Structures are given as C-alpha cells and as structure tokens.
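Q: Supplied in structure tokens, the structure appears directly below.
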Amino acid sequence: MQIKPRQHLLDIWRAAARHSFEDGKPVWGDTEGLSSVADAERLLCLLYPATEVPAFRLDQPDTTERDVLGALERIGSRLEIPPNLITALAQFMRTHTGPDDSPTFSGGHYFRTDDPQRELTHEQSQLGVVDSYSMSVTLCLATLGFLKVYENSTTRPEMRRAVGELREATRSRLTAAMISLLRSFTVNVFDAESEQGRRLIQVIGQGGQSDRAVLQQFSRRFRPLRATIIESLSRGIQVDESIRDESQLFECGWAWSVVKDAPTITDLSVQAPGQPDGIADRLPYVYFTVVALDGIQDLFSERTLTLGLLDADQQKLAEALRLRWELSQQYWSAIARFGAGRWPLEDLPWQTTGLRLESEYFSLTVAAILVHDLVRRKATDDDLTRTVSVMERLADRGRVTSRMSRNDPAVGLHHPGVTMPLAGSERSGGPLQWRMTDFSAQLLKRIIQLAELSRNVDAQDRLLRLGEQAFEHLWNRRIEEGEGAGLWDNARAVFPDPRVGRRLSWSITERVTECLVAARNLYEQQPIRSPELAQLARELLSEATHLFGREQLEASTIVDGSRGRAMRSIESRLDRARSLVDDRPATAFALALPVLQELDTLAQARGAAAQEV
C-alpha cells in the first residue's frame with residue numbers, strides 16, 4: 001500500500017474532527033478519566049500537521065485549501081476553525097493546571113496498577129510522566145507558532161485577547177515541561193559485580209570475551225563520554241561521585257518521572273512554579289529516553305528557531321536539555337553498536353539491565369535512539385545499512401510483515417502491549433506500571449526517518465518497501481465503525497485472535513499522524529542521485545546535442561511547418577534534461593532517449609527526401 005501523506009492525513013483529520021468537535025465546540029468525551037498525555041496527543045493529531053505541512057496551514061484563513069476545509073467542516077468554516085482550535089487549546093491548558101496555577105502533567109488512565117483488583121488512586125493518576133513532559137514540549141511549540149502567525153491575520157479584539165491569554169499559558173506550560181525533563185534525567189552508576197552490572201556485560205559482550213575484557217573495553221569506549229559527564233556536574237547533572245572510577249559501569253537517560261531528590265531549577269529570571277518533589281528511582285529507561293529525545297529535538301527545529309518561539313529562560317533550559325540529549329544519544333548508540341563483531345542490537349530481543357525484562361519492543365526503542373544518532377551525525381555508512389536489517393527483522397518478529405501463527409506470542413507486542421514497572425512509584429501508595437501498545441507505529445516512524453537519511457539506492461528501496469508494508473498493516477487497523485471510527489486501534493483486524501480487542505487509542509493515532517508528516521518530508525527531498533546514471537545521462541545528452549546541431553545545419557532555412565515545431569520541441573527538452581542531470585539523472589536519462597529517437601527519425605526523413613530529389 002503506497003503511503004499518500006496528503007490523502008491519509010485528511011482522512012485522519014476528518015475522523016479526529018468528527019470525534020472531538022460538535023458544532024465547532026470541543027468535545028473531550030473520554031470515559032477513563034483525565035490524562036494530559038492523551039489530551040495532548042488528541043490535539044497534536046490536528047495541530048502538528050497544521051504547523052509542519054504548508055498545505056495544511058490553518059493560521060492564515062485566507063490561504064486554507066478547499067480539501068482541508070472539507071475535512072475540518074465539523075470544526076467550523078474557514079474563519080471559524082482557528083478560533084475554535086484556540087478554544088480547545090485554552091481548555092486543555094486550564095484543565096491541566098493545578099490549584100497553585102502551575103501546569104500539571106498527569107499520566108491519568110495511562111498509569112496501571114500491578115494488581116487488577118487494586119484501583120488507581122486520584123493522587124497516583126495525577127503523577128507527572130515523561131510522556132506528558134515531552135508531548136507538552138511539542139504541543140506548546142506548535143501552539144506558539146500557530147498563534148504567532150494567526151495573530152497577524154485577525155483584528156477582532158476578543159480574539160487578540162484570547163491569543164494573548166493562550167500564549168501566556170502555553171509559555172508557562174512549555175517552561176514547566178522543560179524543567180520537568182531536566183529533573184527527570186539521570187545517570188545511574190553501578191558496580192560490574194552487581195546484578196545490573198553482570199546483565200549489562202552480558203548484553204554488550206557479543207564476542208565471547210571474558211567479563212574482564214568486556215569491562216576494559218567499556219572503560220576505553222566510554223572514557224570520553226564519562227569525562228563529559230564529570231565536567232557536566234557543574235551544569236546541573238546529578239550523579240554519584242563514583243562515576244570517576246573507571247571500573248564502574250553506568251547508564252544515562254530519562255527516568256519515567258522527576259527523580260527522587262532532584263533539585264529544583266532556580267537560575268531563571270522569573271520564579272518557575274510547580275516543581276513537585278521527585279518520586280522516580282534513578283533508573284534510566286530506554287523507552288522514556290526515546291520519548292524525551294523526540295520532544296527535545298523540536299526545541300532545535302528550523303521552525304522553532306526561525307519564528308523565535310523560545311524566550312531567554314527557555315533558551316537556557318534548551319541548552320541544558322541539548323547536553324543531555326547528546327549524552328543519551330551517544331551512550332545508547334555506542335551500547336547498541338558495542339564491539340567489533342555482531343552488534344548487541346542485532347541480538348534480538350533486547351534485555352534491559354535494571355528491570356530485567358526482554359522484548360522486541362525494547363530492541364525497537366534502542367534502535368530508535370540509534371536512528372536519532374544516525375540522523376544527528378548524518379551517517380549514511382555501514383551503520384545505516386545494518387540498522388535497516390534490524391528493522392526488517394523487527395517487522396518480521398512483530399508480525400507486521402509476516403503471518404501470525406496460532407497462539408503467537410508476538411501478538412502481545414500489540415495487544416495488550418508491553419508492560420513496564422515504574423521504579424519508585426511504590427512511594428505513591430502502590431507500584432504502578434506503564435504499557436506500550438504502539439510497536440507498529442514506532443517501527444514505521446523509524447523506518448521513514450532512516451529512509452529520509454539514506455543516500456544509498458538499495459537501502460532506501462528496502463526501507464520504502466518495508467515502510468509501505470508497515471503502513472498497510474497499520475492502516476488496516478483503523479476502527480471502521482462505532483466509537484473512534486477512522487482512528488486507531490482495531491488490532492483484531494490484522495490479528496484474528498480472541499485475545500485481541502478494539503479500543504480508541506490517541507497514542508497510536510498521534511504516532512501515525514507523525515509518520516505521515518515524516519513521509520511528506522521524505523517525498524519533499526530530492527531523489528537519490530546515481531553517479532553511474534548521471535554519467536550515462538551526460539553521454540546521451542552529449543550525443544543528442546551533437547546530432548541536434550547537425551540537424552540545425554540542415555534545417556536552418558526552415559522556420560515553419562512540422563519540422564520546425566519538432567526542432568523547437570527537441571531544443572526545449574534538451575535544455576530541460578541538462579538542467580536536471582545533476583540532481584535527477586534518471587529523469588534526464590528518460591528525457592534524452594526519446595530526443596535521440598526523434599533526431600534519428602528526422603535524419604532518416606531528411607535522407608529519404610534527398611534520395612527522391
């Protein structure tokens with residue numbers, strides 16, 4: 001199934017608008033309780049394409065395209081859509097604000113208890129979570145960009161007032177989310193002889209080496225990164241002093257929430273309210289690290305920088321987050337590719353060290369961090385090719401591209417999903433868990449990111465075919481009727497298993513939306529240039545130009561008639577082919593071939609005419 005970003009995004013917008021608006025008014029309607037994560041995901045299904053895809057812009061009503069208006073007719077007319085979106089965004093900001101007027105980042109019904117008989121308490125549902133911090137960064141930046149452009153398109157005093165109020169609430173939430181991300185980052189140091197240490201050595205020791213040899217290799221490989229972390233102690237990174245000992249192992253990344261005893265952020269020009277005490281153990285999760293990386297990269301996007309969306313305090317926080325962003329990418333990318341032989345990442349499924357879990361989902365999250373690192377350093381070498389093979393194997397093992405067998409355990413990746421205990425959550429009154437059900441959507445997202453990065457024809461072709469298969473799998477999982485029609489997720493449609501159910505998931509819907517925006521960016525790129533084909537195209541054009549010159553000599557006195565029109569057409573196509581030969585050699589090649597054929601036809605006709613004379 002070919003990915004058609006525009007058509008498929010419009011389908012999602014039509015369904016999301018139908019589900020979330022009634023006569024232009026927002027309708028939240030979920031029955032499982034409040035979750036700032038789910039509410040942000042719902043809004044981003046509409047706002048993310050509107051701020052990332054020029055053809056979907058809503059902030060300048062006069063330029064909104066007709067098919068976009070048709071998809072969003074449930075929200076309102078051309079002039080009504082922006083105010084109604086602002087109303088929905090303002091409701092979100094008010095709903096997820098605490099009694100002290102500080103933003104809240106509740107996981108809500110996304111949290112689960114370890115015992116089905118024990119219900120989630122209100123206090124537990126209000127705990128902050130990295131998913132909400134990261135999603136809020138993306139939502140707030142999209143909102144600020146939307147408001148900055150729309151403000152110049154309206155003169156209505158009440159709308160300008162609403163824009164100003166929403167901007168202040170959004171800035172406050174963005175600052176709070178960035179602070180929470182800073183306070184959720186952690187470095188965990190542990191002894192090689194500990195259980196966690198032995199598991200890490202087992203994961204990265206792929207060459208049959210002794211534990212001592214692996215430890216020595218770890219020490220050498222991570223010496224520069226360890227030094228950077230030690231230097232960063234003065235920049236707010238909290239870490240045990242034992243990290244200076246090179247015989248100690250360590251991991252870095254994001255915990256599931258603000259870590260216990262995390263200091264408050266005070267070096268800002270204004271006091272930042274709402275910095276609750278931390279609760280999470282100092283244990284990095286690869287899943288929450290990926291989630292954090294996805295949100296933080298939006299702080300450095302071209303749109304954020306061009307529109308100047310960050311104030312001075314936010315720029316300072318962004319630089320602190322960028323340091324942690326780079327540390328995490330470098331660490332997990334090196335762990336995934338550790339050693340000289342087979343990568344640890346290639347040894348599926350991945351085993352987590354702190355939680356003692358293993359799953360293809362964790363392999364995907366480590367691969368996602370590797371993709372972040374490949375994009376950061378624009379790697380188009382062997383690392384990318386080997387990562388493509390990992391993606392193909394994950395798609396197969398997750399039954400995204402292969403047939404499901406009876407009682408297939410892989411179904412659990414999709415429904416009910418992979419469950420993680422949240423270390424430290426017992427301090428809230430009972431252990432909590434987090435469940436991930438978006439394996440297919442996350443896989444598709446990383447496939448498209450790799451395809452966008454790849455400059456190798458074979459690798460990109462494999463990725464595009466894999467992406468189309470993964471997208472078809474996901475598209476078939478849309479809910480066809482009833483609650484959430486046109487949205488996700490009806491896993492039973494592709495996994496005919498009695499254990500599999502159907503439920504509305506804003507998480508999967510939002511991630512599919514991200515995938516389609518990424519696919520649009522991929523198609524906007526210039527196609528991969530083949531040096532061999534470029535050389536052939538130049539040779540064809542050289543011969544065609546020479547023969548065209550010869551025909552011009554013979555036909556110089558002819559200015560009208562079919563021959564004259566043919567000569568002008570040939571000249572135009574030759575000029576077009578020359579302009580494309582560097583960037584699109586295959587197209588130049590295709591244009592040159594019929595020109596050569598036509599020149600040969602003209603030469604034969606001229607020769608036949610000369611014989612008759």
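Each chain in the structure tokens gets a letter, A, B, ..., in the order shown, and its residues are numbered from 1; ligands are numbered from 1 in order too.
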Can you check which residues of range 358-551 of chain A DSSP gives as helix (DSSP H, G or I) on the backbone and send them as a PyMOL selection string?
A: chain A and resi 360-376+382-397+409-413+425-428+439-453+457-475+491-493+506-524+531-551
Q: DSSP on the backbone: which residues in range 118-200 of chain A end up as strand (DSSP E)? Give the answer as a VMD selection string.
A: chain A and resid 185 to 191
Q: Would you please work out which residue, of A:Ala608, A:Leu299, A:Ala451, A:Leu327, is nearest to Ile230 in chain A when using only C-alpha atoms?
A: A:Leu327
Q: Name the closest residue to Ser132 in chain A among the candidates A:Gly205, A:Gly412, A:Pro276, A:Gly295; distances are taken between atoms, counting only C-alpha atoms.
A: A:Gly295
Q: In terms of the shortest atom-to-atom distance over only C-alpha atoms, which of A:Leu536, A:Ile570, A:Ile265, A:Val53 is closest to Glu524 in chain A?
A: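 That would be A:Val53, the residue with the smallest distance to Glu524 in chain A.
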Q: Here is a test: counting only C-alpha atoms, which residue of A:Glu158, A:Glu543, A:Glu514, A:Asp408 is nearest to Ala50 in chain A?
A: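 The closest residue to Ala50 in chain A is A:Glu514.
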Q: To one decimal place, how far is CA of Ile279 in chain A from CA of Leu43 in chain A in Å?
A: 28.2 Å
Q: So how many Å separate CA of Leu323 in chain A and CA of Thr186 in chain A, to one decimal?
A: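 These two atoms are separated by 12.5 Å.
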Q: Report as a VMD selection string all protein, DNA and RNA residues lying within 9 Å of range 584-595 of chain A, evaluated on only C-alpha atoms, omitting residues in the same chain fewer than 3 positions from it.
A: chain A and resid 526 to 531 533 to 538 540 to 541 544 570 573 to 574 576 to 581 598 to 600
Q: Please produce an output containing N, CA and C atoms for each residue in the selection, written as a CSV table (one decimal), in the first residue's frame.
A:
chain,number,residue,atom,x,y,z
A,526,GLN,N,15.0,15.7,-2.6
A,526,GLN,CA,15.4,15.3,-3.9
A,526,GLN,C,15.7,13.8,-3.9
A,527,PRO,N,15.4,13.0,-5.0
A,527,PRO,CA,15.7,11.6,-5.1
A,527,PRO,C,17.2,11.4,-5.0
A,528,ILE,N,17.5,10.2,-4.6
A,528,ILE,CA,19.0,9.8,-4.5
A,528,ILE,C,19.6,9.9,-5.9
A,529,ARG,N,20.7,10.5,-6.0
A,529,ARG,CA,21.4,10.7,-7.2
A,529,ARG,C,22.4,9.5,-7.5
A,530,SER,N,22.3,8.9,-8.6
A,530,SER,CA,23.2,7.8,-9.0
A,530,SER,C,24.3,8.3,-9.9
A,531,PRO,N,25.6,8.3,-9.4
A,531,PRO,CA,26.7,8.8,-10.2
A,531,PRO,C,26.8,8.1,-11.6
A,533,LEU,N,24.4,6.6,-13.3
A,533,LEU,CA,23.3,7.0,-14.2
A,533,LEU,C,23.5,8.5,-14.7
A,534,ALA,N,24.1,9.3,-13.8
A,534,ALA,CA,24.4,10.7,-14.2
A,534,ALA,C,25.4,10.7,-15.4
A,535,GLN,N,26.4,9.8,-15.3
A,535,GLN,CA,27.4,9.8,-16.4
A,535,GLN,C,26.8,9.3,-17.7
A,536,LEU,N,25.9,8.3,-17.6
A,536,LEU,CA,25.2,7.8,-18.8
A,536,LEU,C,24.3,8.9,-19.4
A,537,ALA,N,23.6,9.6,-18.5
A,537,ALA,CA,22.8,10.7,-19.0
A,537,ALA,C,23.6,11.8,-19.7
A,538,ARG,N,24.8,12.1,-19.2
A,538,ARG,CA,25.6,13.1,-19.8
A,538,ARG,C,26.1,12.6,-21.2
A,540,LEU,N,24.5,10.5,-23.1
A,540,LEU,CA,23.3,10.6,-24.0
A,540,LEU,C,23.1,12.0,-24.5
A,541,LEU,N,23.2,13.0,-23.5
A,541,LEU,CA,22.9,14.4,-23.9
A,541,LEU,C,24.0,14.9,-24.8
A,544,ALA,N,23.1,13.6,-28.2
A,544,ALA,CA,21.9,14.3,-28.6
A,544,ALA,C,22.2,15.8,-29.0
A,570,ILE,N,12.5,19.7,-29.5
A,570,ILE,CA,13.7,19.0,-29.1
A,570,ILE,C,14.6,19.9,-28.3
A,573,ARG,N,13.4,20.3,-24.8
A,573,ARG,CA,13.6,19.1,-23.9
A,573,ARG,C,15.0,18.8,-23.6
A,574,LEU,N,15.9,19.2,-24.5
A,574,LEU,CA,17.4,19.1,-24.2
A,574,LEU,C,17.8,20.1,-23.1
A,576,ARG,N,15.8,21.2,-20.8
A,576,ARG,CA,15.3,20.6,-19.5
A,576,ARG,C,16.1,19.5,-19.0
A,577,ALA,N,16.5,18.6,-19.9
A,577,ALA,CA,17.4,17.4,-19.4
A,577,ALA,C,18.7,17.9,-18.9
A,578,ARG,N,19.3,18.9,-19.5
A,578,ARG,CA,20.6,19.4,-19.0
A,578,ARG,C,20.4,20.0,-17.6
A,579,SER,N,19.3,20.7,-17.3
A,579,SER,CA,19.1,21.3,-16.0
A,579,SER,C,18.9,20.3,-14.9
A,580,LEU,N,18.5,19.1,-15.3
A,580,LEU,CA,18.2,18.0,-14.3
A,580,LEU,C,19.3,17.0,-14.1
A,581,VAL,N,20.3,17.0,-15.0
A,581,VAL,CA,21.3,15.9,-15.0
A,581,VAL,C,22.0,15.8,-13.6
A,598,GLU,N,13.9,10.7,-31.8
A,598,GLU,CA,13.2,11.7,-32.7
A,598,GLU,C,14.3,12.3,-33.7
A,599,LEU,N,15.5,12.5,-33.2
A,599,LEU,CA,16.5,13.1,-34.1
A,599,LEU,C,16.9,12.1,-35.1
A,600,ASP,N,16.9,10.8,-34.8
A,600,ASP,CA,17.2,9.7,-35.8
A,600,ASP,C,16.0,9.7,-36.8
Q: Please provide the set of residues having any atom within 7 Å of Ala441 in chain A, restricted to only C-alpha atoms, with same-chain residues fewer than 3 positions apart removed, written as a count of residues only.
A: 6
Q: Of the residues A:Arg478, A:Val457, A:Arg399, A:Gly564, which is the one nearest to Phe495 in chain A, using only C-alpha atoms?
A: A:Arg399
Q: Identify, on the basis of only C-alpha atoms, every residue whose closest approach to Pro103 in chain A does not exceed 8 Å; exclude the query and any residue fewer than 6 positions from it along the same chain; express the result as a CSV table (one decimal) with all heavy atoms, in the first residue's frame.
A:
chain,number,residue,atom,x,y,z
A,93,MET,N,-5.2,23.8,28.5
A,93,MET,CA,-4.3,24.5,29.4
A,93,MET,C,-5.0,24.6,30.8
A,93,MET,O,-4.3,24.4,31.8
A,93,MET,CB,-3.9,25.8,28.9
A,93,MET,CG,-3.1,25.8,27.5
A,93,MET,SD,-1.5,24.9,27.7
A,93,MET,CE,-1.0,24.8,25.9
A,96,HIS,N,-5.4,21.2,32.7
A,96,HIS,CA,-4.2,20.6,33.2
A,96,HIS,C,-3.4,21.6,33.9
A,96,HIS,O,-2.2,21.8,33.6
A,96,HIS,CB,-3.5,19.9,32.1
A,96,HIS,CG,-4.3,18.7,31.5
A,96,HIS,ND1,-4.5,17.6,32.2
A,96,HIS,CD2,-4.9,18.7,30.3
A,96,HIS,CE1,-5.3,16.8,31.4
A,96,HIS,NE2,-5.5,17.4,30.3
A,97,THR,N,-4.0,22.3,34.8
A,97,THR,CA,-3.4,23.3,35.7
A,97,THR,C,-3.8,23.0,37.1
A,97,THR,O,-5.0,22.8,37.4
A,97,THR,CB,-3.8,24.8,35.3
A,97,THR,OG1,-3.4,25.0,33.9
A,97,THR,CG2,-3.2,25.8,36.2
A,172,SER,N,4.1,29.3,29.9
A,172,SER,CA,4.2,28.7,31.3
A,172,SER,C,4.3,27.2,31.2
A,172,SER,O,5.2,26.6,31.9
A,172,SER,CB,3.0,29.2,32.1
A,172,SER,OG,3.1,28.6,33.4
A,173,ARG,N,3.5,26.6,30.4
A,173,ARG,CA,3.5,25.1,30.3
A,173,ARG,C,4.8,24.6,29.7
A,173,ARG,O,5.3,23.6,30.1
A,173,ARG,CB,2.3,24.6,29.6
A,173,ARG,CG,2.2,23.1,29.6
A,173,ARG,CD,0.9,22.6,29.0
A,173,ARG,NE,0.7,21.2,29.2
A,173,ARG,CZ,0.3,20.6,30.3
A,173,ARG,NH1,-0.1,21.4,31.3
A,173,ARG,NH2,0.2,19.3,30.5
A,176,ALA,N,7.6,24.8,32.3
A,176,ALA,CA,7.4,23.8,33.3
A,176,ALA,C,7.8,22.4,32.7
A,176,ALA,O,8.4,21.6,33.4
A,176,ALA,CB,6.0,23.8,33.8
A,274,GLY,N,5.5,25.2,40.5
A,274,GLY,CA,5.1,23.8,40.1
A,274,GLY,C,6.3,22.9,39.9
A,274,GLY,O,6.4,22.3,38.8
Q: Using only C-alpha atoms, which residues sit within 9 Å of range 333-350 of chain A once same-chain residues fewer than 2 positions away are excluded, as a PyMOL selection string?
A: chain A and resi 203-207+214+217-218+221-222+328-331+352+357-364+366-367+369-374+383+386-387+389-390+393-394
Q: Counting only C-alpha atoms, figure out which residue out of A:Thr509, A:Thr601, A:Thr353, A:Gln117 gets nearest to Arg198 in chain A.
A: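 So, comparing all the options, the nearest one is A:Thr353.
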Q: Fewer than 6 positions away in the same chain doesn't count, so skip those; otherwise give me all residues within 12 Å of Thr154 in chain A, counting only C-alpha atoms, as a list of chain:residue names.
A: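 With the cut-off at 12 Å, the set is A:Asp59, A:Gln60, A:Pro61, A:Asp62, A:Leu79, A:Glu80, A:Pro82, A:Pro83, A:Leu147, A:Lys148, A:Arg160, A:Arg161, A:Ala162, A:Val163.
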Q: Restricting it to N, CA, C and O atoms, dump the selection as a PDB file, in the first residue's frame.
A:
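Done, and the output landed in part-v8.pdb:
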ATOM      1  N   ASP A  59      -3.371  28.761  10.123  1.00  0.00           N
ATOM      2  CA  ASP A  59      -3.151  30.026  10.821  1.00  0.00           C
ATOM      3  C   ASP A  59      -3.341  31.245   9.930  1.00  0.00           C
ATOM      4  O   ASP A  59      -3.329  32.378  10.403  1.00  0.00           O
ATOM      5  N   GLN A  60      -3.531  31.049   8.635  1.00  0.00           N
ATOM      6  CA  GLN A  60      -3.864  32.127   7.707  1.00  0.00           C
ATOM      7  C   GLN A  60      -5.126  31.705   6.956  1.00  0.00           C
ATOM      8  O   GLN A  60      -5.049  31.067   5.896  1.00  0.00           O
ATOM      9  N   PRO A  61      -6.296  32.022   7.493  1.00  0.00           N
ATOM     10  CA  PRO A  61      -7.554  31.503   6.940  1.00  0.00           C
ATOM     11  C   PRO A  61      -7.731  31.749   5.447  1.00  0.00           C
ATOM     12  O   PRO A  61      -8.340  30.916   4.753  1.00  0.00           O
ATOM     13  N   ASP A  62      -7.211  32.849   4.921  1.00  0.00           N
ATOM     14  CA  ASP A  62      -7.398  33.153   3.502  1.00  0.00           C
ATOM     15  C   ASP A  62      -6.677  32.167   2.594  1.00  0.00           C
ATOM     16  O   ASP A  62      -6.986  32.080   1.401  1.00  0.00           O
ATOM     17  N   LEU A  79     -13.102  30.842   8.560  1.00  0.00           N
ATOM     18  CA  LEU A  79     -12.774  31.833   9.593  1.00  0.00           C
ATOM     19  C   LEU A  79     -13.006  31.305  11.003  1.00  0.00           C
ATOM     20  O   LEU A  79     -12.448  31.843  11.962  1.00  0.00           O
ATOM     21  N   GLU A  80     -13.805  30.251  11.153  1.00  0.00           N
ATOM     22  CA  GLU A  80     -14.133  29.736  12.490  1.00  0.00           C
ATOM     23  C   GLU A  80     -13.119  28.725  13.014  1.00  0.00           C
ATOM     24  O   GLU A  80     -12.986  28.544  14.223  1.00  0.00           O
ATOM     25  N   PRO A  82      -9.659  28.543  13.186  1.00  0.00           N
ATOM     26  CA  PRO A  82      -8.623  28.972  14.139  1.00  0.00           C
ATOM     27  C   PRO A  82      -9.172  29.355  15.519  1.00  0.00           C
ATOM     28  O   PRO A  82      -8.631  28.896  16.544  1.00  0.00           O
ATOM     29  N   PRO A  83     -10.261  30.173  15.621  1.00  0.00           N
ATOM     30  CA  PRO A  83     -10.786  30.477  16.965  1.00  0.00           C
ATOM     31  C   PRO A  83     -11.246  29.243  17.720  1.00  0.00           C
ATOM     32  O   PRO A  83     -11.045  29.145  18.942  1.00  0.00           O
ATOM     33  N   LEU A 147      -0.045  30.572  16.947  1.00  0.00           N
ATOM     34  CA  LEU A 147      -0.529  31.866  17.435  1.00  0.00           C
ATOM     35  C   LEU A 147       0.258  33.015  16.831  1.00  0.00           C
ATOM     36  O   LEU A 147      -0.310  34.081  16.526  1.00  0.00           O
ATOM     37  N   LYS A 148       1.553  32.826  16.660  1.00  0.00           N
ATOM     38  CA  LYS A 148       2.395  33.917  16.155  1.00  0.00           C
ATOM     39  C   LYS A 148       1.968  34.331  14.749  1.00  0.00           C
ATOM     40  O   LYS A 148       1.976  35.515  14.406  1.00  0.00           O
ATOM     41  N   ARG A 160      -7.780  38.664  19.755  1.00  0.00           N
ATOM     42  CA  ARG A 160      -6.430  39.075  20.157  1.00  0.00           C
ATOM     43  C   ARG A 160      -6.222  38.870  21.649  1.00  0.00           C
ATOM     44  O   ARG A 160      -5.140  38.493  22.100  1.00  0.00           O
ATOM     45  N   ARG A 161      -7.296  39.102  22.414  1.00  0.00           N
ATOM     46  CA  ARG A 161      -7.235  38.872  23.853  1.00  0.00           C
ATOM     47  C   ARG A 161      -7.053  37.379  24.148  1.00  0.00           C
ATOM     48  O   ARG A 161      -6.229  36.986  24.976  1.00  0.00           O
ATOM     49  N   ALA A 162      -7.822  36.544  23.439  1.00  0.00           N
ATOM     50  CA  ALA A 162      -7.728  35.093  23.638  1.00  0.00           C
ATOM     51  C   ALA A 162      -6.353  34.578  23.230  1.00  0.00           C
ATOM     52  O   ALA A 162      -5.783  33.697  23.894  1.00  0.00           O
ATOM     53  N   VAL A 163      -5.814  35.135  22.143  1.00  0.00           N
ATOM     54  CA  VAL A 163      -4.466  34.740  21.700  1.00  0.00           C
ATOM     55  C   VAL A 163      -3.434  35.082  22.764  1.00  0.00           C
ATOM     56  O   VAL A 163      -2.549  34.271  23.085  1.00  0.00           O
TER      57      VAL A 163
END
Q: Just how far from CA of Asn521 in chain A is CA of Glu452 in chain A, in Å to one decimal?
A: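 Between CA of Glu452 in chain A and CA of Asn521 in chain A the gap works out to 7.8 Å.
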